[in-house]
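Visitor: model.cif is reproduced in full below (mmCIF, C-alpha atoms).
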```cif
data_coords
loop_
_atom_site.label_atom_id
_atom_site.label_comp_id
_atom_site.auth_asym_id
_atom_site.auth_seq_id
_atom_site.Cartn_x
_atom_site.Cartn_y
_atom_site.Cartn_z
CA ILE G 211 9.22 -19.74 3.46
CA GLY G 212 8.38 -16.63 1.49
CA PRO G 213 9.76 -13.10 1.68
CA SER G 214 9.62 -11.36 5.03
CA PHE G 215 7.45 -8.31 5.39
CA GLY G 216 8.99 -7.48 8.76
CA TYR G 217 5.84 -8.15 10.76
CA GLY G 218 7.70 -7.79 14.04
CA THR G 219 8.69 -4.17 13.42
CA ASP G 220 6.05 -2.69 11.18
CA ALA G 221 3.20 -0.22 11.57
CA PHE G 222 0.87 -2.87 12.92
CA THR G 223 2.97 -3.70 15.96
CA SER G 224 4.91 -0.52 16.69
CA GLY G 225 2.07 1.11 18.62
CA TYR G 226 0.80 3.69 16.14
CA LEU G 227 -2.08 3.53 13.71
CA ASN G 228 -1.79 6.81 11.81
CA PRO G 229 -3.74 6.12 8.58
CA MET G 230 -1.26 8.08 6.45
CA ASP G 231 1.67 6.07 7.78
CA LEU G 232 -0.31 2.91 7.13
CA ALA G 233 -1.05 3.99 3.56
CA ASP G 234 2.66 4.50 2.95
CA GLU G 235 3.43 1.12 4.51
CA PHE G 236 0.78 -0.56 2.36
CA ARG G 237 2.18 1.07 -0.80
CA ALA G 238 5.69 -0.08 0.10
CA ARG G 239 4.39 -3.63 0.51
CA ALA G 240 2.61 -3.42 -2.85
CA GLN G 241 5.87 -2.35 -4.48
CA ARG G 242 7.71 -5.27 -2.91
CA CYS G 243 5.06 -7.66 -4.20
CA LEU G 244 5.50 -6.24 -7.71
CA LYS G 245 9.24 -6.88 -7.47
CA TYR G 246 8.58 -10.44 -6.32
CA ALA G 247 6.18 -10.91 -9.24
CA GLN G 248 8.87 -9.80 -11.68
CA ALA G 249 11.28 -12.36 -10.24
CA ALA G 250 8.74 -15.16 -9.88
CA PRO G 251 9.72 -18.36 -11.70
CA THR G 252 6.20 -19.46 -12.67
CA ILE G 253 3.02 -17.83 -13.91
CA GLU G 254 1.27 -19.09 -10.78
CA SER G 255 3.81 -17.32 -8.58
CA GLN G 256 3.53 -14.16 -10.65
CA THR G 257 -0.24 -14.26 -10.35
CA HIS G 258 0.00 -14.72 -6.59
CA TRP G 259 2.36 -11.75 -6.13
CA LEU G 260 0.33 -9.53 -8.46
CA SER G 261 -2.80 -10.36 -6.47
CA MET G 262 -1.01 -9.50 -3.25
CA ALA G 263 0.22 -6.23 -4.75
CA GLN G 264 -3.35 -5.34 -5.72
CA LEU G 265 -4.55 -6.14 -2.20
CA TRP G 266 -1.94 -3.87 -0.59
CA HIS G 267 -2.67 -1.14 -3.13
CA ASN G 268 -6.38 -1.34 -2.31
CA MET G 269 -5.61 -1.19 1.40
CA ALA G 270 -3.55 1.96 0.83
CA GLY G 271 -6.46 3.58 -0.97
CA TYR G 272 -8.82 2.63 1.84
CA SER G 273 -6.38 4.06 4.39
CA ASP G 274 -6.24 7.31 2.37
CA GLU G 275 -10.03 7.47 2.37
CA GLN G 276 -10.17 6.96 6.14
CA GLU G 277 -7.56 9.68 6.69
CA ALA G 278 -9.59 12.05 4.52
CA ARG G 279 -12.77 11.17 6.40
CA LEU G 280 -11.07 11.93 9.71
CA THR G 281 -9.44 15.18 8.58
CA GLY G 282 -11.94 16.43 6.02
CA ALA G 283 -9.26 16.45 3.32
CA VAL G 284 -9.60 15.12 -0.22
CA PRO G 285 -7.99 11.66 -0.48
CA PRO G 286 -4.88 11.61 -2.71
CA THR G 287 -6.48 8.91 -4.84
CA LEU G 288 -9.26 11.34 -5.83
CA LEU G 289 -6.98 14.22 -6.78
CA LYS G 290 -6.19 14.75 -10.45
CA ALA G 291 -2.53 14.33 -11.45
CA GLY G 292 -2.08 18.09 -11.88
CA ASP G 293 -3.59 18.79 -8.46
CA ARG G 294 -1.17 16.37 -6.80
CA GLN G 295 1.83 18.04 -8.41
CA GLU G 296 0.66 21.51 -7.36
CA SER G 297 -0.07 20.45 -3.78
CA ASP G 298 3.29 18.66 -3.52
CA ALA G 299 5.20 21.75 -4.63
#
```
As structure tokens, please, write out the structure in this file.
Guide:
Amino acid sequence: IGPSFGYGTDAFTSGYLNPMDLADEFRARAQRCLKYAQAAPTIESQTHWLSMAQLWHNMAGYSDEQEARLTGAVPPTLLKAGDRQESDA
């Protein structure tokens, strides 16, 4: 049995589908997969976890795009690094 992603208590089952919350959840899952890849005992396991991290990262980007489409905002993935820092300040 692999690592638990908490499917019983996550954004998918808690009753809300806010795209921004989902993007954050997807990024958190990608980070966990990267940690699992670092600890993986074989190259096959590392490859698996890196692939999963990429999938979750892509899902976060898609969620950002959907949020932007719904709100008319520019998705964070399209902002330049300097723009992100200024808007976060």
Visitor: State, in Å with one decimal place, the distance from CA of Arg242 (chain G) to CA of Ala263 (chain G).
Guide: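 That distance, rounded to one decimal, is 7.8 Å.
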Visitor: Can you tell me which residues surround Ala240 (chain G) at a distance of at most 8 Å, considering all atoms listed in the file, apart from same-chain residues fewer than 2 positions away, and format the answer as a PyMOL selection string?
Guide: chain G and resi 236-238+242-244+262-267
Visitor: To one decimal place in Å, what is the distance between CA of Asp231 (chain G) and CA of Ser261 (chain G)?
Guide: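 Computed distance, CA of Asp231 (chain G) to CA of Ser261 (chain G), equals 22.2 Å.
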Visitor: Just checking: using all atoms listed in the file, which residue out of G:Ala283, G:Gln248, G:Glu277, G:Leu260 ends up closest to Ala233 (chain G)?
Guide: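 Ranking G:Ala283, G:Gln248, G:Glu277, G:Leu260 by distance to Ala233 (chain G), first place goes to G:Glu277.
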Visitor: What is the CA of Thr257 (chain G) to CA of Ala270 (chain G) distance in Å?
Guide: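 One can read the CA of Thr257 (chain G) to CA of Ala270 (chain G) distance as 20.0 Å.
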Visitor: Nearest to Val284 (chain G): which of G:Ala247, G:Asp234, G:Gln256, G:Gly271 is it, counting only C-alpha atoms?
Guide: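 For Val284 (chain G), the nearest of the given residues is G:Gly271.
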